[in-house]
$ cat query.cif   # mmCIF, C-alpha atoms and all ligand atoms
data_model
#
loop_
_atom_site.label_atom_id
_atom_site.label_comp_id
_atom_site.auth_asym_id
_atom_site.auth_seq_id
_atom_site.Cartn_x
_atom_site.Cartn_y
_atom_site.Cartn_z
CA MET C 84 144.68 34.60 169.80
CA LYS C 85 145.76 31.52 167.90
CA THR C 86 146.30 29.70 171.18
CA ILE C 87 142.82 30.66 172.39
CA ILE C 88 141.23 29.33 169.21
CA GLN C 89 143.29 26.14 169.33
CA THR C 90 142.40 25.57 172.98
CA ARG C 91 138.72 26.17 172.30
CA PHE C 92 138.79 23.82 169.33
CA LEU C 93 140.39 21.12 171.44
CA ILE C 94 137.88 21.60 174.24
CA ALA C 95 134.98 21.53 171.80
CA ILE C 96 136.23 18.21 170.42
CA LEU C 97 136.77 16.78 173.91
CA SER C 98 133.29 17.94 174.91
CA VAL C 99 131.71 16.04 172.06
CA PHE C 100 133.51 12.90 173.12
CA ALA C 101 132.53 13.46 176.72
CA GLY C 102 128.91 14.00 175.71
CA ALA C 103 129.00 17.62 176.84
CA VAL C 104 126.56 19.94 175.11
CA GLN C 105 128.62 23.10 174.76
CA ALA C 106 132.32 23.92 174.83
CA ALA C 107 131.47 27.04 176.81
CA GLU C 108 130.31 24.89 179.73
CA ASN C 109 133.91 23.88 180.25
CA TYR C 110 134.60 27.45 181.26
CA GLY C 111 131.86 27.45 183.88
CA ALA C 112 129.72 29.63 181.66
CA THR C 113 127.22 30.53 184.35
CA GLU C 114 127.05 30.27 188.09
CA VAL C 115 124.33 31.58 190.34
CA PRO C 116 125.54 31.44 193.92
CA ASP C 117 122.87 31.47 196.61
CA VAL C 118 122.70 34.88 198.30
CA GLY C 119 120.05 33.93 200.85
CA LYS C 120 116.29 34.60 200.95
CA SER C 121 115.34 38.27 200.45
CA PRO C 122 118.82 39.63 201.22
CA ARG C 123 118.89 43.23 202.49
CA TRP C 124 122.01 43.90 200.43
CA VAL C 125 124.27 42.00 198.02
CA ILE C 126 127.67 42.74 196.51
CA ALA C 127 129.38 40.81 193.70
CA ILE C 128 132.81 41.67 192.35
CA HIS C 129 135.18 40.54 189.62
CA GLY C 130 138.91 40.90 189.23
CA GLY C 131 139.05 40.27 185.51
CA ALA C 132 138.86 37.33 183.14
CA GLY C 133 141.64 35.89 181.08
CA GLY C 134 144.12 33.18 180.36
CA THR C 135 143.81 30.23 178.03
CA GLU C 136 144.61 27.85 180.90
CA PRO C 137 142.94 27.74 184.32
CA ALA C 138 145.19 29.50 186.86
CA ASP C 139 147.21 27.30 189.20
CA LEU C 140 145.21 27.66 192.39
CA GLY C 141 148.11 26.51 194.58
CA THR C 142 150.37 29.50 193.98
CA GLU C 143 151.07 32.29 196.42
CA LYS C 144 149.71 34.76 193.87
CA ALA C 145 146.41 32.87 193.72
CA SER C 146 146.08 32.90 197.48
CA ARG C 147 146.90 36.63 197.69
CA THR C 148 144.39 37.33 194.96
CA ARG C 149 141.73 35.50 196.97
CA ASP C 150 142.66 37.53 200.05
CA ASP C 151 142.30 40.75 198.05
CA LEU C 152 138.92 39.66 196.68
CA ARG C 153 137.71 38.93 200.22
CA GLU C 154 139.05 42.24 201.49
CA ALA C 155 137.27 44.07 198.67
CA LEU C 156 133.99 42.32 199.45
CA GLU C 157 134.31 43.11 203.17
CA ALA C 158 135.04 46.78 202.42
CA GLY C 159 131.89 47.08 200.33
CA ALA C 160 129.84 45.01 202.77
CA ALA C 161 130.74 47.23 205.74
CA ILE C 162 129.26 50.20 203.91
CA LEU C 163 126.15 48.36 202.77
CA GLU C 164 125.47 46.97 206.24
CA ASN C 165 125.54 50.53 207.61
CA GLY C 166 122.96 51.66 205.05
CA GLY C 167 125.46 53.22 202.61
CA THR C 168 124.70 53.51 198.90
CA GLY C 169 125.73 51.16 196.13
CA ALA C 170 128.09 53.81 194.71
CA GLU C 171 129.85 54.15 198.06
CA ALA C 172 130.20 50.38 198.37
CA ILE C 173 131.48 50.00 194.82
CA GLU C 174 134.06 52.71 195.35
CA ALA C 175 135.26 51.10 198.60
CA ALA C 176 135.49 47.62 197.08
CA LEU C 177 137.22 48.68 193.87
CA ARG C 178 139.72 50.88 195.71
CA VAL C 179 141.01 47.77 197.49
CA MET C 180 141.63 46.11 194.14
CA GLU C 181 143.04 49.27 192.54
CA ASP C 182 145.56 49.49 195.38
CA SER C 183 146.53 45.81 194.99
CA VAL C 184 149.11 44.82 192.36
CA HIS C 185 147.19 41.63 191.55
CA PHE C 186 144.70 43.25 189.22
CA ASN C 187 144.79 45.31 186.05
CA ALA C 188 143.56 48.51 187.69
CA GLY C 189 145.20 51.33 189.64
CA ARG C 190 148.65 50.20 190.80
CA GLY C 191 149.76 47.20 188.75
CA ALA C 192 147.64 48.15 185.73
CA VAL C 193 148.95 47.14 182.32
CA LEU C 194 151.07 49.60 180.33
CA ASP C 195 150.32 51.15 176.96
CA GLU C 196 152.70 51.25 173.96
CA HIS C 197 154.56 54.17 175.56
CA GLY C 198 155.07 52.26 178.82
CA VAL C 199 152.53 54.36 180.72
CA ALA C 200 149.57 53.08 182.77
CA ARG C 201 146.45 54.91 181.55
CA HIS C 202 143.27 54.17 183.40
CA ASP C 203 139.60 53.95 182.45
CA ALA C 204 136.77 53.70 185.01
CA SER C 205 133.03 54.23 185.28
CA ILE C 206 130.16 53.96 187.73
CA MET C 207 126.37 54.07 187.35
CA ARG C 208 123.37 54.32 189.67
CA GLY C 209 120.30 52.24 188.87
CA GLU C 210 117.69 54.48 190.44
CA ASP C 211 118.20 57.62 188.34
CA TYR C 212 120.64 56.61 185.57
CA ALA C 213 123.31 58.93 186.94
CA ALA C 214 126.73 57.94 185.63
CA GLY C 215 130.34 59.10 185.75
CA ALA C 216 133.53 58.02 184.01
CA ILE C 217 137.16 58.90 183.43
CA ALA C 218 139.27 57.69 180.51
CA GLY C 219 142.98 57.66 179.77
CA SER C 220 144.05 59.21 183.06
CA SER C 221 147.65 58.63 184.15
CA ARG C 222 147.80 60.34 187.55
CA ILE C 223 144.65 59.54 189.52
CA ARG C 224 145.51 57.03 192.21
CA ASN C 225 141.97 55.63 192.45
CA PRO C 226 140.16 56.00 189.11
CA ILE C 227 136.85 54.69 190.52
CA THR C 228 136.83 57.53 193.05
CA ALA C 229 137.26 60.05 190.25
CA ALA C 230 134.48 58.37 188.22
CA ARG C 231 132.17 58.70 191.21
CA ALA C 232 133.16 62.37 191.61
CA VAL C 233 132.32 63.01 187.94
CA MET C 234 128.91 61.41 188.56
CA GLU C 235 128.18 63.30 191.77
CA GLN C 236 129.97 66.64 191.31
CA THR C 237 129.46 67.47 187.63
CA GLN C 238 126.75 67.51 184.98
CA ASN C 239 129.04 65.49 182.70
CA VAL C 240 129.37 61.76 182.20
CA MET C 241 132.99 61.36 181.05
CA LEU C 242 136.25 63.27 181.43
CA HIS C 243 139.45 62.13 179.73
CA GLY C 244 143.23 62.41 179.90
CA GLY C 245 144.67 65.58 181.36
CA GLY C 246 141.17 66.94 181.95
CA ALA C 247 140.34 64.00 184.18
CA ASP C 248 143.63 64.35 186.08
CA TRP C 249 143.08 68.08 186.53
CA PHE C 250 139.49 67.56 187.73
CA ALA C 251 140.66 64.96 190.26
CA ALA C 252 143.33 67.30 191.62
CA LYS C 253 140.77 70.10 191.91
CA GLN C 254 138.47 67.75 193.81
CA GLY C 255 141.27 67.04 196.27
CA LEU C 256 141.61 63.39 195.23
CA ASP C 257 144.95 61.58 195.45
CA VAL C 258 147.01 62.45 192.39
CA VAL C 259 150.33 60.61 192.05
CA ASN C 260 153.47 60.42 189.94
CA PRO C 261 152.69 58.06 187.00
CA LEU C 262 155.60 55.86 188.11
CA TYR C 263 153.54 54.86 191.16
CA PHE C 264 151.43 52.56 188.97
CA ILE C 265 154.27 50.67 187.28
CA THR C 266 155.24 47.24 188.58
CA GLU C 267 158.09 45.09 187.38
CA GLU C 268 155.68 42.38 186.28
CA ARG C 269 153.81 44.77 183.98
CA ARG C 270 157.03 46.23 182.61
CA ASN C 271 158.23 42.72 181.74
CA GLN C 272 154.86 41.86 180.21
CA LEU C 273 155.13 44.90 177.93
CA LEU C 274 158.74 44.10 176.99
CA GLU C 275 157.73 40.53 176.10
CA LYS C 276 154.90 41.75 173.93
CA ARG C 277 157.17 44.19 172.15
CA ALA C 278 159.76 41.49 171.59
CA GLU C 279 157.12 39.16 170.12
CA ASN C 280 155.73 41.83 167.84
CA PRO C 281 157.90 44.95 167.69
CA ASP C 282 155.75 46.87 165.20
CA THR C 283 152.23 46.26 166.42
CA VAL C 284 150.11 47.44 169.29
CA ALA C 285 147.48 45.30 170.99
CA ASP C 286 144.76 45.43 168.36
CA ALA C 287 144.11 41.70 168.38
CA ALA C 288 142.80 39.67 171.29
CA ASP C 289 145.34 38.53 173.81
CA SER C 290 145.03 36.55 176.97
CA TYR C 291 145.60 39.12 179.69
CA PHE C 292 142.47 40.68 181.06
CA GLY C 293 142.36 41.77 184.71
CA THR C 294 139.91 44.60 185.05
CA VAL C 295 138.00 45.00 188.32
CA GLY C 296 134.29 45.57 188.72
CA ALA C 297 131.36 45.38 191.11
CA VAL C 298 127.57 45.20 191.06
CA VAL C 299 125.56 45.99 194.16
CA LEU C 300 122.04 45.94 195.57
CA ASP C 301 121.90 48.29 198.56
CA LYS C 302 119.51 48.41 201.53
CA HIS C 303 117.45 51.09 199.77
CA GLY C 304 116.63 48.63 197.00
CA ASN C 305 118.86 50.35 194.43
CA LEU C 306 121.23 48.69 191.98
CA ALA C 307 124.61 50.13 190.96
CA ALA C 308 127.59 49.01 188.87
CA GLY C 309 131.21 50.12 188.50
CA THR C 310 134.32 49.03 186.60
CA SER C 311 137.99 50.09 186.55
CA THR C 312 140.90 49.03 184.33
CA GLY C 313 144.27 49.79 182.81
CA GLY C 314 142.88 48.45 179.53
CA ARG C 315 145.10 46.16 177.46
CA SER C 316 148.81 45.59 177.62
CA ASN C 317 150.69 47.44 174.84
CA LYS C 318 147.49 49.25 173.87
CA ARG C 319 147.74 52.02 171.31
CA PHE C 320 148.50 55.45 172.79
CA GLY C 321 145.10 57.12 173.19
CA ARG C 322 143.09 53.89 172.95
CA ILE C 323 140.03 53.84 175.21
CA GLY C 324 138.21 50.59 175.91
CA ASP C 325 134.72 49.62 176.98
CA THR C 326 135.23 50.13 180.71
CA PRO C 327 134.42 53.87 180.85
CA VAL C 328 131.70 53.58 178.21
CA ILE C 329 128.27 53.43 179.83
CA GLY C 330 126.27 50.65 178.22
CA ALA C 331 129.38 48.77 177.04
CA GLY C 332 131.44 47.78 180.12
CA THR C 333 129.13 49.13 182.83
CA TYR C 334 125.39 49.63 183.20
CA ALA C 335 122.79 49.78 185.97
CA SER C 336 119.05 50.25 185.97
CA ASN C 337 116.58 49.42 188.75
CA GLN C 338 114.20 48.36 185.95
CA SER C 339 116.40 45.46 184.88
CA CYS C 340 119.91 44.81 186.16
CA ALA C 341 123.42 45.95 186.97
CA VAL C 342 126.36 44.71 184.87
CA SER C 343 130.14 45.02 184.97
CA GLY C 344 132.18 43.48 182.18
CA THR C 345 135.74 42.45 181.43
CA GLY C 346 137.26 41.19 178.23
CA HIS C 347 138.12 42.44 174.76
CA GLY C 348 136.73 45.94 175.01
CA GLU C 349 136.25 46.66 171.33
CA TYR C 350 133.70 43.83 171.20
CA PHE C 351 131.93 45.01 174.36
CA MET C 352 131.59 48.46 172.79
CA ARG C 353 130.43 47.31 169.37
CA TRP C 354 127.83 44.95 170.83
CA THR C 355 126.87 47.35 173.69
CA VAL C 356 127.09 44.34 175.98
CA ALA C 357 126.08 45.72 179.40
CA ARG C 358 123.09 47.68 178.11
CA ASP C 359 121.90 44.87 175.83
CA ILE C 360 121.88 42.37 178.71
CA CYS C 361 119.68 44.74 180.71
CA ALA C 362 117.52 45.51 177.66
CA LEU C 363 116.81 41.78 177.18
CA VAL C 364 115.71 41.60 180.83
CA GLU C 365 113.66 44.80 180.65
CA PHE C 366 111.95 44.52 177.27
CA LYS C 367 111.97 40.80 176.51
CA ASP C 368 111.45 39.57 180.05
CA GLU C 369 114.43 37.25 179.79
CA SER C 370 116.01 35.85 182.94
CA LEU C 371 119.30 37.50 183.88
CA LYS C 372 121.14 34.24 183.23
CA ASP C 373 119.67 33.85 179.73
CA ALA C 374 120.31 37.50 178.90
CA ALA C 375 123.94 37.36 180.04
CA GLU C 376 124.56 34.13 178.13
CA ALA C 377 122.85 35.57 175.04
CA LEU C 378 125.49 38.30 174.84
CA ILE C 379 128.65 36.64 176.18
CA VAL C 380 128.26 33.06 174.96
CA GLN C 381 125.87 33.23 172.00
CA THR C 382 126.80 36.60 170.51
CA LEU C 383 130.44 37.43 171.31
CA LEU C 384 131.97 33.95 171.38
CA PRO C 385 131.13 33.12 167.74
CA VAL C 386 132.90 36.31 166.61
CA ASP C 387 135.96 35.61 168.82
CA GLY C 388 135.07 38.27 171.36
CA TYR C 389 136.19 36.82 174.68
CA GLY C 390 135.34 38.02 178.15
CA ALA C 391 132.97 37.87 181.08
CA VAL C 392 130.33 39.77 183.00
CA ILE C 393 128.96 39.80 186.49
CA ALA C 394 125.33 40.83 186.69
CA MET C 395 122.68 41.34 189.36
CA ASP C 396 118.91 41.71 189.18
CA PRO C 397 116.73 43.84 191.49
CA SER C 398 116.16 40.87 193.83
CA GLY C 399 119.92 40.52 194.36
CA LYS C 400 120.33 37.41 192.23
CA VAL C 401 123.90 37.18 190.91
CA VAL C 402 125.04 35.74 187.58
CA PHE C 403 128.63 35.19 186.43
CA VAL C 404 129.29 34.34 182.79
CA SER C 405 132.75 33.83 181.30
CA THR C 406 134.17 32.50 178.04
CA THR C 407 137.74 32.52 179.32
CA ALA C 408 139.46 30.00 181.58
CA ASN C 409 139.59 32.34 184.55
CA LEU C 410 137.26 34.80 186.19
CA LYS C 411 138.41 36.16 189.53
CA ARG C 412 135.22 36.88 191.40
CA GLY C 413 133.37 36.97 194.68
CA VAL C 414 129.97 37.46 196.24
CA MET C 415 128.66 38.39 199.70
CA SER C 416 125.25 39.36 201.05
CA SER C 417 123.51 40.39 204.26
CA SER C 418 122.92 36.69 204.94
CA THR C 419 125.86 34.90 203.28
CA PRO C 420 129.63 35.26 203.94
CA ALA C 421 132.30 36.36 201.48
CA ARG C 422 132.91 33.64 198.89
CA VAL C 423 135.49 33.87 196.11
CA ALA C 424 136.82 31.93 193.11
CA ILE C 425 139.49 32.34 190.46
CA ASN C 426 139.01 29.72 187.75
CA ALA C 427 135.88 30.09 185.67
CA ALA C 428 134.91 26.49 186.35
CA GLU C 429 135.62 26.64 190.08
CA GLU C 430 132.71 27.02 192.53
CA VAL C 431 132.46 30.29 194.41
CA ASN C 432 133.10 29.35 198.04
N1 LIG F 501 137.79 45.46 178.91
C1 LIG F 501 139.09 46.04 179.11
C2 LIG F 501 139.47 46.82 177.88
O1 LIG F 501 139.29 46.34 176.79
C3 LIG F 501 140.16 45.05 179.41
C4 LIG F 501 139.86 44.07 180.52
O2 LIG F 501 138.70 43.80 180.81
O3 LIG F 501 140.81 43.57 181.09
O4 LIG F 501 140.01 47.89 178.05
#

$ encode --input "query.cif" --output "structure tokens"
Amino acid sequence: MKTIIQTRFLIAILSVFAGAVQAAENYGATEVPDVGKSPRWVIAIHGGAGGTEPADLGTEKASRTRDDLREALEAGAAILENGGTGAEAIEAALRVMEDSVHFNAGRGAVLDEHGVARHDASIMRGEDYAAGAIAGSSRIRNPITAARAVMEQTQNVMLHGGGADWFAAKQGLDVVNPLYFITEERRNQLLEKRAENPDTVADAADSYFGTVGAVVLDKHGNLAAGTSTGGRSNKRFGRIGDTPVIGAGTYASNQSCAVSGTGHGEYFMRWTVARDICALVEFKDESLKDAAEALIVQTLLPVDGYGAVIAMDPSGKVVFVSTTANLKRGVMSSSTPARVAINAAEEVN
């Protein structure tokens, strides 16, 4: 937290000297990649925001992360090209990232204070406001699949803990031993955090976000959004973040936009980030870019709420906004190839 503030202060000072208008611009606050004229479908994904320093793009991890982002885009694109729905495409794309150890979702998710990976996920359809979510599950291999099943197979919006695991098993979804999710890297991360601060859980901001999310416009003209995460490293047992909360970490409406967020979840919940972005578009006629910046840069940043969103409007226009040094992300459409980026300031290409 202290490091983030110090880094931001330094960048703000440097920006003034460089004649830059806003410190946030140093983090590549907004990018709007071209998705072609009247695309038939568009998919944009993120693999989490975080880090006080831009990631070293030359590492093997960075290159594998890019490969995973491309694979996720291609998985979603194949479904969209064949006329599949946004929910199907989101599930396919996020499953790739949940199965990869390079993101904080599914296998490789962060561990809570008891050393267990507990997952949150949600999905929403823009055409009829249908939504589904699971929270605090420790056995569902692909949380986004379970969230979609809650949306499509029940009258409920959210199931949690053992109830979510039991529902998934009853639905015939893959249910695994909780050890499946634990990687050495995450175990070490938790041990380091405990060593730094033996008596506290992750209530304050830290620098490790890595949630995955997607927003989609399908061939039927419908928007959808979905998000999946392990939450925050060393989180309090029972803590649930913004990711499964409709309107906070995920939202989709054909009337305005689709949004998937990543960052310090307590802030995304308290400021109802995803819904407010869409509300600004719907009721105040703001552009998607202005609405996303209004929440992420102008509202959350001044109160030390760090994070990012990807958002899409009904024409398929994509906006990325981040107030952290990194935002793993990618975009692909019916007329443009898969393009990805890792640093917030890096171009998507
Ligand atoms: N938003 C997530 C949470 O607070 C964390 C993340 O995006 O990495 O649970």

$ closest_residue --input "query.cif" --among "C:Ala251, C:Leu300, C:Ala331, C:Leu177" --to "ligand LIG 501 (chain F)" --atoms "only C-alpha atoms and all ligand atoms"
C:Ala331

$ residues_around --input "query.cif" --residues "region 206-221 of chain C" --least-positions-apart "4" --cutoff "8 Å" --atoms "all atoms listed in the file" --output "ChimeraX atom specification"
/C:169-170,199-202,226-227,229-235,239-245,247-248,261,305-310,321-323,327-329,333-338,340-341

$ write_last_selection --input "query.cif" --atoms "C-alpha atoms" --output "PDB file, in the coordinates of the input"
ATOM      1  CA  GLY C 169     125.730  51.160 196.130  1.00  0.00           C
ATOM      2  CA  ALA C 170     128.090  53.810 194.710  1.00  0.00           C
ATOM      3  CA  VAL C 199     152.530  54.360 180.720  1.00  0.00           C
ATOM      4  CA  ALA C 200     149.570  53.080 182.770  1.00  0.00           C
ATOM      5  CA  ARG C 201     146.450  54.910 181.550  1.00  0.00           C
ATOM      6  CA  HIS C 202     143.270  54.170 183.400  1.00  0.00           C
ATOM      7  CA  PRO C 226     140.160  56.000 189.110  1.00  0.00           C
ATOM      8  CA  ILE C 227     136.850  54.690 190.520  1.00  0.00           C
ATOM      9  CA  ALA C 229     137.260  60.050 190.250  1.00  0.00           C
ATOM     10  CA  ALA C 230     134.480  58.370 188.220  1.00  0.00           C
ATOM     11  CA  ARG C 231     132.170  58.700 191.210  1.00  0.00           C
ATOM     12  CA  ALA C 232     133.160  62.370 191.610  1.00  0.00           C
ATOM     13  CA  VAL C 233     132.320  63.010 187.940  1.00  0.00           C
ATOM     14  CA  MET C 234     128.910  61.410 188.560  1.00  0.00           C
ATOM     15  CA  GLU C 235     128.180  63.300 191.770  1.00  0.00           C
ATOM     16  CA  ASN C 239     129.040  65.490 182.700  1.00  0.00           C
ATOM     17  CA  VAL C 240     129.370  61.760 182.200  1.00  0.00           C
ATOM     18  CA  MET C 241     132.990  61.360 181.050  1.00  0.00           C
ATOM     19  CA  LEU C 242     136.250  63.270 181.430  1.00  0.00           C
ATOM     20  CA  HIS C 243     139.450  62.130 179.730  1.00  0.00           C
ATOM     21  CA  GLY C 244     143.230  62.410 179.900  1.00  0.00           C
ATOM     22  CA  GLY C 245     144.670  65.580 181.360  1.00  0.00           C
ATOM     23  CA  ALA C 247     140.340  64.000 184.180  1.00  0.00           C
ATOM     24  CA  ASP C 248     143.630  64.350 186.080  1.00  0.00           C
ATOM     25  CA  PRO C 261     152.690  58.060 187.000  1.00  0.00           C
ATOM     26  CA  ASN C 305     118.860  50.350 194.430  1.00  0.00           C
ATOM     27  CA  LEU C 306     121.230  48.690 191.980  1.00  0.00           C
ATOM     28  CA  ALA C 307     124.610  50.130 190.960  1.00  0.00           C
ATOM     29  CA  ALA C 308     127.590  49.010 188.870  1.00  0.00           C
ATOM     30  CA  GLY C 309     131.210  50.120 188.500  1.00  0.00           C
ATOM     31  CA  THR C 310     134.320  49.030 186.600  1.00  0.00           C
ATOM     32  CA  GLY C 321     145.100  57.120 173.190  1.00  0.00           C
ATOM     33  CA  ARG C 322     143.090  53.890 172.950  1.00  0.00           C
ATOM     34  CA  ILE C 323     140.030  53.840 175.210  1.00  0.00           C
ATOM     35  CA  PRO C 327     134.420  53.870 180.850  1.00  0.00           C
ATOM     36  CA  VAL C 328     131.700  53.580 178.210  1.00  0.00           C
ATOM     37  CA  ILE C 329     128.270  53.430 179.830  1.00  0.00           C
ATOM     38  CA  THR C 333     129.130  49.130 182.830  1.00  0.00           C
ATOM     39  CA  TYR C 334     125.390  49.630 183.200  1.00  0.00           C
ATOM     40  CA  ALA C 335     122.790  49.780 185.970  1.00  0.00           C
ATOM     41  CA  SER C 336     119.050  50.250 185.970  1.00  0.00           C
ATOM     42  CA  ASN C 337     116.580  49.420 188.750  1.00  0.00           C
ATOM     43  CA  GLN C 338     114.200  48.360 185.950  1.00  0.00           C
ATOM     44  CA  CYS C 340     119.910  44.810 186.160  1.00  0.00           C
ATOM     45  CA  ALA C 341     123.420  45.950 186.970  1.00  0.00           C
TER      46      ALA C 341
END

$ atom_distance --input "query.cif" --atom1 "CA of Leu273 (chain C)" --atom2 "CA of Ser316 (chain C)"
6.4 Å

$ closest_residue --input "query.cif" --among "C:Pro385, C:Arg422, C:Asn280, C:Val380" --to "Thr406 (chain C)" --atoms "only C-alpha atoms"
C:Val380

$ closest_residue --input "query.cif" --among "C:Val401, C:Met352, C:Leu383, C:Ala394" --to "ligand LIG 501 (chain F)" --atoms "all atoms listed in the file"
C:Met352

$ residues_near_ligand --input "query.cif" --ligand "ligand LIG 501 (chain F)" --cutoff "10 Å" --atoms "all atoms listed in the file" --output "PDB file with C-alpha atoms, in the coordinates of the input"
ATOM      1  CA  GLY C 130     138.910  40.900 189.230  1.00  0.00           C
ATOM      2  CA  GLY C 131     139.050  40.270 185.510  1.00  0.00           C
ATOM      3  CA  ALA C 132     138.860  37.330 183.140  1.00  0.00           C
ATOM      4  CA  GLY C 133     141.640  35.890 181.080  1.00  0.00           C
ATOM      5  CA  PHE C 186     144.700  43.250 189.220  1.00  0.00           C
ATOM      6  CA  ASN C 187     144.790  45.310 186.050  1.00  0.00           C
ATOM      7  CA  ALA C 188     143.560  48.510 187.690  1.00  0.00           C
ATOM      8  CA  ALA C 192     147.640  48.150 185.730  1.00  0.00           C
ATOM      9  CA  VAL C 193     148.950  47.140 182.320  1.00  0.00           C
ATOM     10  CA  HIS C 202     143.270  54.170 183.400  1.00  0.00           C
ATOM     11  CA  ASP C 203     139.600  53.950 182.450  1.00  0.00           C
ATOM     12  CA  ALA C 204     136.770  53.700 185.010  1.00  0.00           C
ATOM     13  CA  ALA C 288     142.800  39.670 171.290  1.00  0.00           C
ATOM     14  CA  ASP C 289     145.340  38.530 173.810  1.00  0.00           C
ATOM     15  CA  SER C 290     145.030  36.550 176.970  1.00  0.00           C
ATOM     16  CA  TYR C 291     145.600  39.120 179.690  1.00  0.00           C
ATOM     17  CA  PHE C 292     142.470  40.680 181.060  1.00  0.00           C
ATOM     18  CA  GLY C 293     142.360  41.770 184.710  1.00  0.00           C
ATOM     19  CA  THR C 294     139.910  44.600 185.050  1.00  0.00           C
ATOM     20  CA  VAL C 295     138.000  45.000 188.320  1.00  0.00           C
ATOM     21  CA  GLY C 296     134.290  45.570 188.720  1.00  0.00           C
ATOM     22  CA  THR C 310     134.320  49.030 186.600  1.00  0.00           C
ATOM     23  CA  SER C 311     137.990  50.090 186.550  1.00  0.00           C
ATOM     24  CA  THR C 312     140.900  49.030 184.330  1.00  0.00           C
ATOM     25  CA  GLY C 313     144.270  49.790 182.810  1.00  0.00           C
ATOM     26  CA  GLY C 314     142.880  48.450 179.530  1.00  0.00           C
ATOM     27  CA  ARG C 315     145.100  46.160 177.460  1.00  0.00           C
ATOM     28  CA  SER C 316     148.810  45.590 177.620  1.00  0.00           C
ATOM     29  CA  LYS C 318     147.490  49.250 173.870  1.00  0.00           C
ATOM     30  CA  ARG C 322     143.090  53.890 172.950  1.00  0.00           C
ATOM     31  CA  ILE C 323     140.030  53.840 175.210  1.00  0.00           C
ATOM     32  CA  GLY C 324     138.210  50.590 175.910  1.00  0.00           C
ATOM     33  CA  ASP C 325     134.720  49.620 176.980  1.00  0.00           C
ATOM     34  CA  THR C 326     135.230  50.130 180.710  1.00  0.00           C
ATOM     35  CA  PRO C 327     134.420  53.870 180.850  1.00  0.00           C
ATOM     36  CA  ALA C 331     129.380  48.770 177.040  1.00  0.00           C
ATOM     37  CA  GLY C 332     131.440  47.780 180.120  1.00  0.00           C
ATOM     38  CA  SER C 343     130.140  45.020 184.970  1.00  0.00           C
ATOM     39  CA  GLY C 344     132.180  43.480 182.180  1.00  0.00           C
ATOM     40  CA  THR C 345     135.740  42.450 181.430  1.00  0.00           C
ATOM     41  CA  GLY C 346     137.260  41.190 178.230  1.00  0.00           C
ATOM     42  CA  HIS C 347     138.120  42.440 174.760  1.00  0.00           C
ATOM     43  CA  GLY C 348     136.730  45.940 175.010  1.00  0.00           C
ATOM     44  CA  GLU C 349     136.250  46.660 171.330  1.00  0.00           C
ATOM     45  CA  TYR C 350     133.700  43.830 171.200  1.00  0.00           C
ATOM     46  CA  PHE C 351     131.930  45.010 174.360  1.00  0.00           C
ATOM     47  CA  MET C 352     131.590  48.460 172.790  1.00  0.00           C
ATOM     48  CA  TYR C 389     136.190  36.820 174.680  1.00  0.00           C
ATOM     49  CA  GLY C 390     135.340  38.020 178.150  1.00  0.00           C
ATOM     50  CA  ALA C 391     132.970  37.870 181.080  1.00  0.00           C
ATOM     51  CA  VAL C 392     130.330  39.770 183.000  1.00  0.00           C
TER      52      VAL C 392
END

$ atom_distance --input "query.cif" --atom1 "CA of Gly413 (chain C)" --atom2 "CA of Ala377 (chain C)"
22.3 Å

$ axis_aligned_box --input "query.cif" --around "region 199-202 of chain C" --padding-each-side "5 Å" --output "JSON"
{"center_x": 147.9, "center_y": 54.0, "center_z": 182.1, "size_x": 19.3, "size_y": 11.8, "size_z": 12.7}

$ residues_near_point --input "query.cif" --point "(149.8, 59.2, 193.5)" --cutoff "7 Å" --atoms "only C-alpha atoms" --output "PDB file with C-alpha atoms, in the frame of the given file"
ATOM      1  CA  ARG C 222     147.800  60.340 187.550  1.00  0.00           C
ATOM      2  CA  ILE C 223     144.650  59.540 189.520  1.00  0.00           C
ATOM      3  CA  ARG C 224     145.510  57.030 192.210  1.00  0.00           C
ATOM      4  CA  ASP C 257     144.950  61.580 195.450  1.00  0.00           C
ATOM      5  CA  VAL C 258     147.010  62.450 192.390  1.00  0.00           C
ATOM      6  CA  VAL C 259     150.330  60.610 192.050  1.00  0.00           C
ATOM      7  CA  ASN C 260     153.470  60.420 189.940  1.00  0.00           C
ATOM      8  CA  TYR C 263     153.540  54.860 191.160  1.00  0.00           C
TER       9      TYR C 263
END

$ closest_residue --input "query.cif" --among "C:Leu262, C:Leu194, C:Ile393, C:Val404" --to "Val342 (chain C)" --atoms "all atoms listed in the file"
C:Ile393

$ atom_distance --input "query.cif" --atom1 "CA of Ser121 (chain C)" --atom2 "CA of Ile379 (chain C)"
27.7 Å
